[in-house]
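For reference, the structure discussed in these notes is given below.
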Amino acid sequence: MDTPRSEKTHVEVSADEDGADKVYKYASAACSAAPSIYEKGVPVSVEEVEDLPPDGGRGWLVILGCVIFSGATVWGVTEEYFKAHVFPDASAPVLSTLGSMSGMFMTLLSVIPGKLADRYGYKARFPGGFLWTLSMLLCVFATKLWHFFVIMGVIQGLANALVYPLIVALPAQWFLRYRALTTGIVVAGSSIGGAVSSLVFRQMLTSLGLKKAFAIYTAIDGTFLFAAWFMISERRKPSDRKKIIWVDRSFFSDPVFWSLGLCFFFTVFGYLSPIFFLPTFAKQKIPNLSDLLSALPVTVLNFSAASGRTLIGFLADRIGPVNAMWAVITLSGLTQLLVWTFVSNYAGIMAFAIMYGFVCGCFLSLSPAVAAQLWGSGRLAGLSGLMLLFNLPGNSAGAPLGGAILTGTGNDWTAVSCYSGGLQILGATVLLYARFKREPKVFARF
């Protein structure tokens with residue numbers, strides 16, 4: 001269902017007063033958003049206005065299902081365990097590449113299922129959930145490093161590509177007033193999953209070993225994903241689905257598109273290094289630290305990220321998603337430059353994990369709301385997949401490049417923090433063009 005955006009909309013409702021008030025209220029909210037390049041000047045019928053998202057009800061069950069799909073993840077502590085117990089001769093850049101491959105394949109492929117979902121419906125969540133569960137099971141039988149590259153890189157990347165553009169686009173069908181908030185809740189699911197895996201899965205690896213830990217986690221993931229499949233439903237009517245436009249050239253001629261895309265390009269390069277390297281950083285700063293305590297900062301970071309992604313969505317619904325995105329990317333970069341650079345003890349590591357976690361991934365949860373603000377919601381799944389392509393270089397090379405910098409500088413963590421934090425500041429700077437091109441007023445809600 002497209003969000004009505006034309007300021008020329010004229011609504012005449014002969015229903016009861018409460019119904020009219022509700023229609024007027026939501027129509028006003030819709031028209032306050034930035035006009036879409038697809039919808040600007042197009043009249044909106046009474047039927048379209050009355051069919052606005054319900055902002056609740058069945059939508060909350062859909063959000064819960066999306067959160068469960070978003071929460072399936074085990075990387076982070078797995079890298080540290082591989083280095084210590086399974087592949088001790090593997091270098092940090094190689095293991096970082098393994099962790100990045102899933103994101104690389106997701107960003108490379110997600111535009112295809114995203115556009116197919118816009119046209120034929122959001123059915124790909126079932127094969128995506130099945131592939132993820134299968135990949136976890138295959139890890140039980142993997143014995144060589146290249147096995148994990150295929151399983152955790154290619155197969156899990158394909159599973160994520162089938163699911164992620166869908167689950168971040170679904171909140172826009174069910175929510176208007178709380179669109180940024182609910183999208184933030186969905187993306188926060190990945191932080192919750194990361195927090196649980198960094199604590200629970202790490203302990204399972206230590207006490208049960210690699211094979212048993214993956215076998216048990218496979219059963220857990222499969223059960224939750226099967227239940228989530230029944231929770232999720234699409235609200236759009238088949239008649240509302242638009243014809244696929246594989247290459248929408250109107251985006252490529254819009255400088256705002258490139259401003260937002262380059263913002264993602266630079267930001268993602270600096271996003272993953274702390275998440276991947278925090279256990280290693282803690283071990284190097286405090287050599288006698290136990291496995292549990294070295295993994296705890298990642299747990300705290302992920303729980304903080306879940307809170308941040310949810311609360312920033314609440315804030316974005318009030319100050320505007322573009323304003324909120326610029327603020328969190330700037331704070332994320334400054335946290336690395338001004339905090340991580342000077343941390344040397346465990347208390348400082350935990351403080352950095354809380355601060356960085358709260359803001360670091362918020363740009364991901366805000367990206368669908370920002371895209372809807374700039375171009376409308378009619379092709380949001382396809383557009384989300386297209387924007388994810390800008391994440392591809394950073395997902396593929398961001399953390400490995402950080403590992404290479406760490407190795408090349410003789411474990412100089414300051415060089416890593418300046419590299420990743422500086423790129424995020426650059427990403428925030430590039431976003432300013434899109435912000436002021438669409439809305440020149442400094443203090444406007446946008």
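The way I read the labels, and the way they are meant: chains A, B, ... in the order of the structure tokens, residue 1 as the first residue of every chain, and ligand 1 as the first ligand shown, with later ones counted on from there.
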Would you kindly return, as a JSON list (two decimals) with N, CA, C and O atoms, in the first residue's frame, each protein, DNA or RNA residue with an atom no farther than 7 Å from any atom of Ala180 of chain A, considering only C-alpha atoms and excluding same-chain residues fewer than 3 positions away?
[["chain", "number", "residue", "atom", "x", "y", "z"],
["A", 183, "THR", "N", 10.35, -0.10, 12.49],
["A", 183, "THR", "CA", 11.49, -0.56, 11.70],
["A", 183, "THR", "C", 12.71, -0.69, 12.59],
["A", 183, "THR", "O", 13.50, -1.65, 12.45],
["A", 184, "GLY", "N", 12.88, 0.24, 13.52],
["A", 184, "GLY", "CA", 13.98, 0.14, 14.48],
["A", 184, "GLY", "C", 13.88, -1.11, 15.35],
["A", 184, "GLY", "O", 14.88, -1.76, 15.64],
["A", 313, "GLY", "N", 14.31, 5.05, 16.61],
["A", 313, "GLY", "CA", 13.10, 5.05, 15.78],
["A", 313, "GLY", "C", 12.01, 5.91, 16.39],
["A", 313, "GLY", "O", 11.30, 6.64, 15.68],
["A", 314, "PHE", "N", 11.87, 5.84, 17.70],
["A", 314, "PHE", "CA", 10.91, 6.67, 18.41],
["A", 314, "PHE", "C", 11.25, 8.15, 18.23],
["A", 314, "PHE", "O", 10.37, 8.98, 17.97],
["A", 316, "ALA", "N", 13.10, 9.40, 15.75],
["A", 316, "ALA", "CA", 12.99, 9.77, 14.34],
["A", 316, "ALA", "C", 11.57, 10.11, 13.95],
["A", 316, "ALA", "O", 11.35, 10.94, 13.05],
["A", 317, "ASP", "N", 10.59, 9.48, 14.59],
["A", 317, "ASP", "CA", 9.20, 9.82, 14.31],
["A", 317, "ASP", "C", 8.85, 11.23, 14.75],
["A", 317, "ASP", "O", 7.80, 11.75, 14.39],
["A", 366, "LEU", "N", 17.16, 2.93, 10.37],
["A", 366, "LEU", "CA", 16.52, 4.14, 9.85],
["A", 366, "LEU", "C", 16.45, 4.16, 8.33],
["A", 366, "LEU", "O", 15.67, 4.94, 7.76],
["A", 369, "ALA", "N", 12.97, 3.99, 6.64],
["A", 369, "ALA", "CA", 12.19, 5.20, 6.91],
["A", 369, "ALA", "C", 12.74, 6.39, 6.14],
["A", 369, "ALA", "O", 11.97, 7.23, 5.64]]
Which residue, A:Leu292, A:Ala444, A:Ile354, A:Ile405, has the smallest gap to Ile319 of chain A when you use only C-alpha atoms? A:Ala444
Segment 121-208 of chain A residues near segment 92-103 of chain A within 12 Å, closest pair each, using only C-alpha atoms, as a Markdown table:
| residue | atom | partner | partner_atom | distance |
| --- | --- | --- | --- | --- |
| A:Trp132 | CA | A:Ser102 | CA | 11.1 |
| A:Ser135 | CA | A:Ser102 | CA | 11.5 |
| A:Leu145 | CA | A:Leu98 | CA | 9.0 |
| A:Trp146 | CA | A:Leu98 | CA | 9.2 |
| A:His147 | CA | A:Leu98 | CA | 10.6 |
| A:Phe148 | CA | A:Leu98 | CA | 7.6 |
| A:Phe149 | CA | A:Leu98 | CA | 5.8 |
| A:Val150 | CA | A:Met101 | CA | 9.2 |
| A:Ile151 | CA | A:Ser102 | CA | 9.1 |
| A:Met152 | CA | A:Ser102 | CA | 6.3 |
| A:Gly153 | CA | A:Ser102 | CA | 4.3 |
| A:Val154 | CA | A:Ser102 | CA | 6.2 |
| A:Ile155 | CA | A:Ser102 | CA | 7.8 |
| A:Gln156 | CA | A:Ser102 | CA | 5.8 |
| A:Gly157 | CA | A:Ser102 | CA | 3.9 |
| A:Leu158 | CA | A:Ser102 | CA | 7.7 |
| A:Ala159 | CA | A:Ser102 | CA | 8.9 |
| A:Asn160 | CA | A:Ser102 | CA | 7.7 |
| A:Ala161 | CA | A:Gly103 | CA | 8.7 |
| A:Tyr164 | CA | A:Gly103 | CA | 10.7 |
Identify, with DSSP run on backbone atoms, the residues in segment 240-334 of chain A assigned to alpha helix (DSSP H), and express the list as a VMD selection string. chain A and resid 249 to 252 255 to 271 273 to 285 291 to 319 321 to 334
Test item: residues at most 12 Å from Lys437 of chain A, only C-alpha atoms, excluding those fewer than 2 positions along its chain, as a PyMOL selection string: chain A and resi 34+254-257+259-260+322+374+430-435+439-442+446
Who sits within 8 Å of Leu137 of chain A, only C-alpha atoms, same chain under 6 positions skipped, as a short mmCIF file (atom, residue, chain, number, x, y, z; two decimals) with N, CA and C atoms, in the first residue's frame:
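Contents of the output file selection.cif:
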data_model
loop_
_atom_site.label_atom_id
_atom_site.label_comp_id
_atom_site.auth_asym_id
_atom_site.auth_seq_id
_atom_site.Cartn_x
_atom_site.Cartn_y
_atom_site.Cartn_z
N PHE A 214 26.53 -26.07 17.62
CA PHE A 214 25.81 -25.75 16.40
C PHE A 214 24.56 -26.61 16.24
N ALA A 215 24.61 -27.86 16.67
CA ALA A 215 23.44 -28.74 16.56
C ALA A 215 22.28 -28.22 17.42
N THR A 218 20.93 -24.97 15.99
CA THR A 218 20.12 -25.23 14.80
C THR A 218 18.68 -25.53 15.17
#
Out of A:Gly320, A:Gly308, A:Pro297, A:Gly270, which residue has the shortest atom-to-atom distance to Gly421 of chain A when counting only C-alpha atoms?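 The answer is A:Gly270, which sits nearest to Gly421 of chain A.
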Neighbouring residues of segment 56-59 of chain A were defined as those with any atom within 8 Å, considering only C-alpha atoms; residues of the same chain fewer than 6 positions away were excluded. Please report them as a short mmCIF file (atom, residue, chain, number, x, y, z; two decimals) with C-alpha atoms, in the first residue's frame.
data_model
loop_
_atom_site.label_atom_id
_atom_site.label_comp_id
_atom_site.auth_asym_id
_atom_site.auth_seq_id
_atom_site.Cartn_x
_atom_site.Cartn_y
_atom_site.Cartn_z
CA PRO A 171 6.61 -2.25 8.96
CA TRP A 174 1.36 -1.81 8.88
CA PHE A 175 2.50 1.46 10.50
#
Here atom CA of Cys66 of chain A and atom CA of Ala228 of chain A stand apart by 7.2 Å
List as number ranges by chain the protein and nucleic acid residues near His85 of chain A, meaning an atom at most 10 Å away when only C-alpha atoms are counted, but skip any in the same chain fewer than 6 places from it. A: 205-206, 209-210
For the selection just defined, write its residues with N, CA and C atoms to a file, as a PDB file, in the first residue's frame.
ATOM      1  N   LEU A 205      29.859 -23.154  23.132  1.00  0.00           N
ATOM      2  CA  LEU A 205      31.079 -23.545  22.446  1.00  0.00           C
ATOM      3  C   LEU A 205      32.142 -24.012  23.425  1.00  0.00           C
ATOM      4  N   THR A 206      32.256 -23.307  24.547  1.00  0.00           N
ATOM      5  CA  THR A 206      33.273 -23.665  25.540  1.00  0.00           C
ATOM      6  C   THR A 206      32.962 -24.987  26.226  1.00  0.00           C
ATOM      7  N   GLY A 209      31.595 -27.792  22.839  1.00  0.00           N
ATOM      8  CA  GLY A 209      32.350 -27.937  21.611  1.00  0.00           C
ATOM      9  C   GLY A 209      31.577 -27.438  20.405  1.00  0.00           C
ATOM     10  N   LEU A 210      32.268 -27.349  19.271  1.00  0.00           N
ATOM     11  CA  LEU A 210      31.704 -26.723  18.083  1.00  0.00           C
ATOM     12  C   LEU A 210      30.497 -27.479  17.544  1.00  0.00           C
TER      13      LEU A 210
END
What does the distance from atom CA of Val298 of chain A to atom CA of Phe281 of chain A come to in Å, to one decimal?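 About the pair atom CA of Val298 of chain A and atom CA of Phe281 of chain A: they are 11.0 Å apart.
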Using only C-alpha atoms, pick whichever of A:Ile167, A:Tyr81, A:Glu234, A:Leu386 has the shortest atom-to-atom distance to Ser110 of chain A.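 Going through A:Ile167, A:Tyr81, A:Glu234, A:Leu386 one by one, the smallest distance to Ser110 of chain A is for A:Leu386.
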Hey, which of A:Met231, A:Val370, A:Leu388, A:Val416 ends up closest to Gln336 of chain A? Count only C-alpha atoms. A:Val416
Separation of atom CA of Cys139 of chain A from atom CA of Ala188 of chain A in Å: 25.4 Å
